[in-house]
Amino acid sequence: MSRKRKMKDTFLQILIWTFSLITVGFLLWMVSYIIFRGISGLNWEFITSEYNLYRGKTGILPMIVGTLLLIAATLIISVPIGVSAAIFLTEYAKQGVLVRIIRFATESLAGIPSIIYGLFGYIFFKGTLKLGFSVASGALTLSIMILPTIVRTTEEALLSVNPGYREGSLALGASRLQTIYKVILPSAIPGILTAVILGMGRVIGESAAVMYTVGSVPKIPAVEQLLTSSVRTLSVHLYVVALEEADFQSAFATATMLMIIIALLNFAANRIGRRLVKEKGIG
C-alpha cells in the first residue's frame, strides 16, 4: 500500500472515530444532564400516585399507564399489518411498477411530519368515525404513522435471509406458506424486532399527534373503557408541566422516568427476541 493511500486511510479512520465519539459523547451528556436534574424528584410516591393539581398531587402513575396502553394498542394494530405487508412485497408480489409505487408511497409516508398525522386523526378518527379523544383514535393514527418504518425495516430483514433457506425448504416439499412461517420469519426475527423497537420508540416520544387524537386527561381509565377513554402520555405530560405549568422539577423527573421506560421496553424486547431465536435454533 502506498504512503498516500495509508495517509488517506488513517485520516478517514480518525474522522470516523472523531464523529463517533462526538455522537456518543453528546448522547451521554444529554442523558446524564436529564438524570442529574430529574433523579432528585423521582421517588416511589411520584411514580405511584395520581395527578391532581387542585389537591397538590403531582404523581405520574396515570401517565405511565396511558403511555403503556397506547403503545400496546398501537403495536397490536401496526405490527401484524406491517409484517404482513412486508411479506407480501418480498415473497408474493411480482416486482414491477406496482411494487415500486407502493415502496415509494411507503417511503413518502415516513417523511410526513407527525402534526399532519395528528390533524388527519383528529378529522377522520375523532370526527368522522366519532371515536372522540380516545386511545383508539390515537392508536389508529400512530399505527399509520409507524407503518412505513415497520414495513421497510421488516422488508429489509426478510430480504437479508439466506436464499438457500428458501430453496432448501421448497426442495424438501414445503409449501411457500410453510417456508415463510417456519423458515423465513424465524430467521428474520432480529430485523423484525428492530422494526418493532423503532416503532415503539416513536410512539413513546410522540406528542403532537397524541394531543390531537388521544387528548390529555391525567386519569387511569376504567377497565371497560380502556380504548374509548382519553388519557395523557408521559411525553404530553412533559410538555404540559414544562411549558404550561413551568414545573421544571417534575418535567425533568418525568423525562427521567420516560428514559427508564424506554430502556426497560427495549431490554425486554431484545430478551424476547433472543429467546425466540434460541428456541428456533437460529444463529
# chains A, B, ... in the order shown; residues from 1 in each chain; ligands from 1
>>> residues_around(residues="Leu68 (chain A)", least_positions_apart="4", cutoff="10 Å", atoms="only C-alpha atoms", output="short mmCIF file (atom, residue, chain, number, x, y, z; two decimals) with C-alpha atoms, in the first residue's frame")
data_model
loop_
_atom_site.label_atom_id
_atom_site.label_comp_id
_atom_site.auth_asym_id
_atom_site.auth_seq_id
_atom_site.Cartn_x
_atom_site.Cartn_y
_atom_site.Cartn_z
CA MET A 63 -49.37 8.91 32.55
CA ILE A 64 -47.34 5.71 32.82
CA ALA A 72 -49.75 -1.81 23.34
CA ALA A 73 -52.79 -0.76 21.29
CA THR A 74 -50.64 0.76 18.54
CA VAL A 203 -44.90 6.10 19.82
CA ILE A 204 -43.32 6.81 23.20
CA THR A 233 -48.99 10.07 27.92
CA LEU A 234 -45.65 10.86 29.53
CA ILE A 261 -39.33 3.03 30.49
CA LEU A 265 -39.01 -1.88 26.98
#
>>> closest_residue(among="A:Val196, A:Gly215, A:Ile35, A:Thr48", to="Ala268 (chain A)", atoms="only C-alpha atoms")
A:Val196
>>> select_by_dssp(residues="region 37-280 of chain A", states="strand (DSSP E)", output="tab-separated table (two decimals) with C-alpha atoms, in the first residue's frame")
chain	number	residue	atom	x	y	z
A	51	TYR	CA	-52.09	13.63	39.36
A	52	ASN	CA	-54.36	16.37	40.66
A	57	LYS	CA	-50.79	15.69	43.77
A	58	THR	CA	-48.18	15.60	41.01
>>> atom_distance(atom1="CA of Leu109 (chain A)", atom2="CA of Lys130 (chain A)")
24.6 Å
>>> residues_around(residues="Gly38 (chain A)", least_positions_apart="6", cutoff="6 Å", atoms="only C-alpha atoms", output="list in words")
Phe252, Ala253 and Thr256 of chain A
>>> write_last_selection(atoms="C-alpha atoms", output="PDB file, in the first residue's frame")
ATOM      1  CA  PHE A 252     -37.048  16.516  34.487  1.00  0.00           C
ATOM      2  CA  ALA A 253     -38.343  13.745  36.757  1.00  0.00           C
ATOM      3  CA  THR A 256     -36.031  10.560  33.554  1.00  0.00           C
TER       4      THR A 256
END
>>> residues_around(residues="Thr213 (chain A)", least_positions_apart="2", cutoff="10 Å", atoms="only C-alpha atoms", output="ChimeraX atom specification")
/A:117-127,131-142,208-211,215-216,230
>>> atom_distance(atom1="CA of Ile77 (chain A)", atom2="CA of Arg176 (chain A)")
25.1 Å
>>> closest_residue(among="A:Leu177, A:Ile220, A:Leu238, A:Leu42", to="Ala251 (chain A)", atoms="only C-alpha atoms")
A:Leu238
>>> decode(residues="region 22-168 of chain A", atoms="C-alpha atoms", output="mmCIF file, in the first residue's frame")
data_model
loop_
_atom_site.group_PDB
_atom_site.id
_atom_site.type_symbol
_atom_site.label_atom_id
_atom_site.label_comp_id
_atom_site.auth_asym_id
_atom_site.auth_seq_id
_atom_site.Cartn_x
_atom_site.Cartn_y
_atom_site.Cartn_z
ATOM 1 C CA ILE A 22 -18.818 13.211 19.413
ATOM 2 C CA THR A 23 -22.130 11.397 18.858
ATOM 3 C CA VAL A 24 -21.684 9.104 21.855
ATOM 4 C CA GLY A 25 -20.435 11.990 23.989
ATOM 5 C CA PHE A 26 -23.443 14.145 23.139
ATOM 6 C CA LEU A 27 -25.800 11.265 23.973
ATOM 7 C CA LEU A 28 -24.079 10.608 27.302
ATOM 8 C CA TRP A 29 -24.051 14.313 28.141
ATOM 9 C CA MET A 30 -27.772 14.705 27.372
ATOM 10 C CA VAL A 31 -28.791 11.578 29.304
ATOM 11 C CA SER A 32 -26.554 12.488 32.262
ATOM 12 C CA TYR A 33 -27.891 16.027 32.371
ATOM 13 C CA ILE A 34 -31.532 14.900 32.393
ATOM 14 C CA ILE A 35 -30.926 12.198 35.007
ATOM 15 C CA PHE A 36 -28.882 14.576 37.199
ATOM 16 C CA ARG A 37 -31.698 17.147 37.125
ATOM 17 C CA GLY A 38 -34.552 14.666 37.454
ATOM 18 C CA ILE A 39 -33.359 11.920 39.783
ATOM 19 C CA SER A 40 -33.926 14.047 42.908
ATOM 20 C CA GLY A 41 -37.631 14.364 42.087
ATOM 21 C CA LEU A 42 -38.078 10.709 41.167
ATOM 22 C CA ASN A 43 -39.370 8.735 44.128
ATOM 23 C CA TRP A 44 -41.886 5.992 44.822
ATOM 24 C CA GLU A 45 -44.675 8.423 45.687
ATOM 25 C CA PHE A 46 -44.101 10.397 42.487
ATOM 26 C CA ILE A 47 -44.248 7.212 40.397
ATOM 27 C CA THR A 48 -47.248 5.553 42.077
ATOM 28 C CA SER A 49 -49.529 8.475 42.994
ATOM 29 C CA GLU A 50 -52.215 10.192 40.937
ATOM 30 C CA TYR A 51 -52.089 13.628 39.356
ATOM 31 C CA ASN A 52 -54.356 16.373 40.663
ATOM 32 C CA LEU A 53 -53.026 19.922 40.973
ATOM 33 C CA TYR A 54 -56.052 21.059 42.973
ATOM 34 C CA ARG A 55 -55.172 18.529 45.680
ATOM 35 C CA GLY A 56 -51.433 19.069 45.403
ATOM 36 C CA LYS A 57 -50.788 15.687 43.773
ATOM 37 C CA THR A 58 -48.179 15.596 41.013
ATOM 38 C CA GLY A 59 -47.736 11.846 40.523
ATOM 39 C CA ILE A 60 -47.295 10.292 37.089
ATOM 40 C CA LEU A 61 -48.953 6.879 37.518
ATOM 41 C CA PRO A 62 -51.878 7.754 35.179
ATOM 42 C CA MET A 63 -49.373 8.913 32.551
ATOM 43 C CA ILE A 64 -47.339 5.714 32.823
ATOM 44 C CA VAL A 65 -50.495 3.617 32.403
ATOM 45 C CA GLY A 66 -51.662 5.792 29.499
ATOM 46 C CA THR A 67 -48.299 5.505 27.729
ATOM 47 C CA LEU A 68 -48.117 1.719 28.060
ATOM 48 C CA LEU A 69 -51.745 1.366 26.988
ATOM 49 C CA LEU A 70 -51.188 3.468 23.869
ATOM 50 C CA ILE A 71 -48.009 1.554 22.988
ATOM 51 C CA ALA A 72 -49.752 -1.808 23.338
ATOM 52 C CA ALA A 73 -52.789 -0.761 21.293
ATOM 53 C CA THR A 74 -50.641 0.763 18.541
ATOM 54 C CA LEU A 75 -48.339 -2.243 18.206
ATOM 55 C CA ILE A 76 -51.257 -4.696 18.217
ATOM 56 C CA ILE A 77 -52.650 -2.850 15.175
ATOM 57 C CA SER A 78 -49.474 -1.932 13.291
ATOM 58 C CA VAL A 79 -47.152 -4.931 13.712
ATOM 59 C CA PRO A 80 -49.411 -7.606 12.088
ATOM 60 C CA ILE A 81 -50.308 -5.246 9.235
ATOM 61 C CA GLY A 82 -46.738 -4.065 8.707
ATOM 62 C CA VAL A 83 -45.166 -7.533 8.815
ATOM 63 C CA SER A 84 -47.879 -8.936 6.533
ATOM 64 C CA ALA A 85 -47.344 -6.107 4.041
ATOM 65 C CA ALA A 86 -43.592 -6.728 4.064
ATOM 66 C CA ILE A 87 -44.132 -10.468 3.492
ATOM 67 C CA PHE A 88 -46.411 -9.740 0.546
ATOM 68 C CA LEU A 89 -43.933 -7.304 -1.028
ATOM 69 C CA THR A 90 -40.965 -9.651 -0.698
ATOM 70 C CA GLU A 91 -42.496 -13.108 -1.132
ATOM 71 C CA TYR A 92 -45.644 -12.794 -3.234
ATOM 72 C CA ALA A 93 -45.773 -9.528 -5.182
ATOM 73 C CA LYS A 94 -44.370 -9.517 -8.692
ATOM 74 C CA GLN A 95 -41.544 -6.995 -8.774
ATOM 75 C CA GLY A 96 -42.726 -4.296 -11.136
ATOM 76 C CA VAL A 97 -44.289 -0.864 -11.382
ATOM 77 C CA LEU A 98 -46.955 -1.519 -8.736
ATOM 78 C CA VAL A 99 -44.425 -2.652 -6.137
ATOM 79 C CA ARG A 100 -42.206 0.351 -6.882
ATOM 80 C CA ILE A 101 -45.192 2.666 -6.421
ATOM 81 C CA ILE A 102 -46.058 1.005 -3.088
ATOM 82 C CA ARG A 103 -42.466 1.352 -1.883
ATOM 83 C CA PHE A 104 -42.334 4.983 -2.972
ATOM 84 C CA ALA A 105 -45.606 5.700 -1.157
ATOM 85 C CA THR A 106 -44.302 3.962 1.970
ATOM 86 C CA GLU A 107 -41.092 5.998 1.946
ATOM 87 C CA SER A 108 -43.091 9.182 1.354
ATOM 88 C CA LEU A 109 -45.320 8.431 4.357
ATOM 89 C CA ALA A 110 -42.220 8.113 6.529
ATOM 90 C CA GLY A 111 -41.292 11.732 5.762
ATOM 91 C CA ILE A 112 -44.636 13.328 6.646
ATOM 92 C CA PRO A 113 -44.492 15.487 9.828
ATOM 93 C CA SER A 114 -46.314 13.977 12.787
ATOM 94 C CA ILE A 115 -48.540 17.033 13.131
ATOM 95 C CA ILE A 116 -50.095 16.138 9.757
ATOM 96 C CA TYR A 117 -50.917 12.666 11.049
ATOM 97 C CA GLY A 118 -52.403 14.290 14.122
ATOM 98 C CA LEU A 119 -54.654 16.549 12.055
ATOM 99 C CA PHE A 120 -55.748 13.591 9.925
ATOM 100 C CA GLY A 121 -56.547 11.539 13.015
ATOM 101 C CA TYR A 122 -58.387 14.479 14.556
ATOM 102 C CA ILE A 123 -60.585 14.936 11.466
ATOM 103 C CA PHE A 124 -61.111 11.315 10.451
ATOM 104 C CA PHE A 125 -60.912 9.078 13.531
ATOM 105 C CA LYS A 126 -62.118 11.566 16.112
ATOM 106 C CA GLY A 127 -64.603 13.461 13.935
ATOM 107 C CA THR A 128 -65.799 11.305 11.050
ATOM 108 C CA LEU A 129 -65.743 7.953 12.855
ATOM 109 C CA LYS A 130 -66.928 9.565 16.121
ATOM 110 C CA LEU A 131 -64.225 7.927 18.234
ATOM 111 C CA GLY A 132 -63.581 11.155 20.120
ATOM 112 C CA PHE A 133 -60.437 11.790 22.129
ATOM 113 C CA SER A 134 -59.557 8.200 22.945
ATOM 114 C CA VAL A 135 -56.846 5.574 22.953
ATOM 115 C CA ALA A 136 -58.488 4.046 19.875
ATOM 116 C CA SER A 137 -58.145 7.291 17.888
ATOM 117 C CA GLY A 138 -54.540 7.678 18.941
ATOM 118 C CA ALA A 139 -53.603 4.045 18.295
ATOM 119 C CA LEU A 140 -55.087 4.097 14.792
ATOM 120 C CA THR A 141 -53.333 7.370 13.970
ATOM 121 C CA LEU A 142 -49.972 6.266 15.351
ATOM 122 C CA SER A 143 -50.310 2.914 13.591
ATOM 123 C CA ILE A 144 -50.479 4.694 10.252
ATOM 124 C CA MET A 145 -47.518 6.844 11.290
ATOM 125 C CA ILE A 146 -45.181 3.961 12.191
ATOM 126 C CA LEU A 147 -46.297 1.549 9.456
ATOM 127 C CA PRO A 148 -43.663 2.814 6.968
ATOM 128 C CA THR A 149 -40.891 2.112 9.474
ATOM 129 C CA ILE A 150 -42.190 -1.367 10.260
ATOM 130 C CA VAL A 151 -42.807 -2.282 6.608
ATOM 131 C CA ARG A 152 -39.441 -1.105 5.274
ATOM 132 C CA THR A 153 -37.363 -2.485 8.158
ATOM 133 C CA THR A 154 -39.155 -5.848 8.066
ATOM 134 C CA GLU A 155 -38.801 -5.975 4.301
ATOM 135 C CA GLU A 156 -35.037 -5.498 4.563
ATOM 136 C CA ALA A 157 -34.894 -8.188 7.253
ATOM 137 C CA LEU A 158 -36.753 -10.663 5.035
ATOM 138 C CA LEU A 159 -34.571 -9.887 2.029
ATOM 139 C CA SER A 160 -31.425 -10.459 4.100
ATOM 140 C CA VAL A 161 -32.373 -14.085 4.855
ATOM 141 C CA ASN A 162 -30.091 -16.558 3.094
ATOM 142 C CA PRO A 163 -31.786 -17.594 -0.195
ATOM 143 C CA GLY A 164 -30.581 -21.139 0.448
ATOM 144 C CA TYR A 165 -33.092 -21.428 3.293
ATOM 145 C CA ARG A 166 -35.970 -20.821 0.886
ATOM 146 C CA GLU A 167 -34.597 -23.144 -1.761
ATOM 147 C CA GLY A 168 -33.876 -25.920 0.727
#
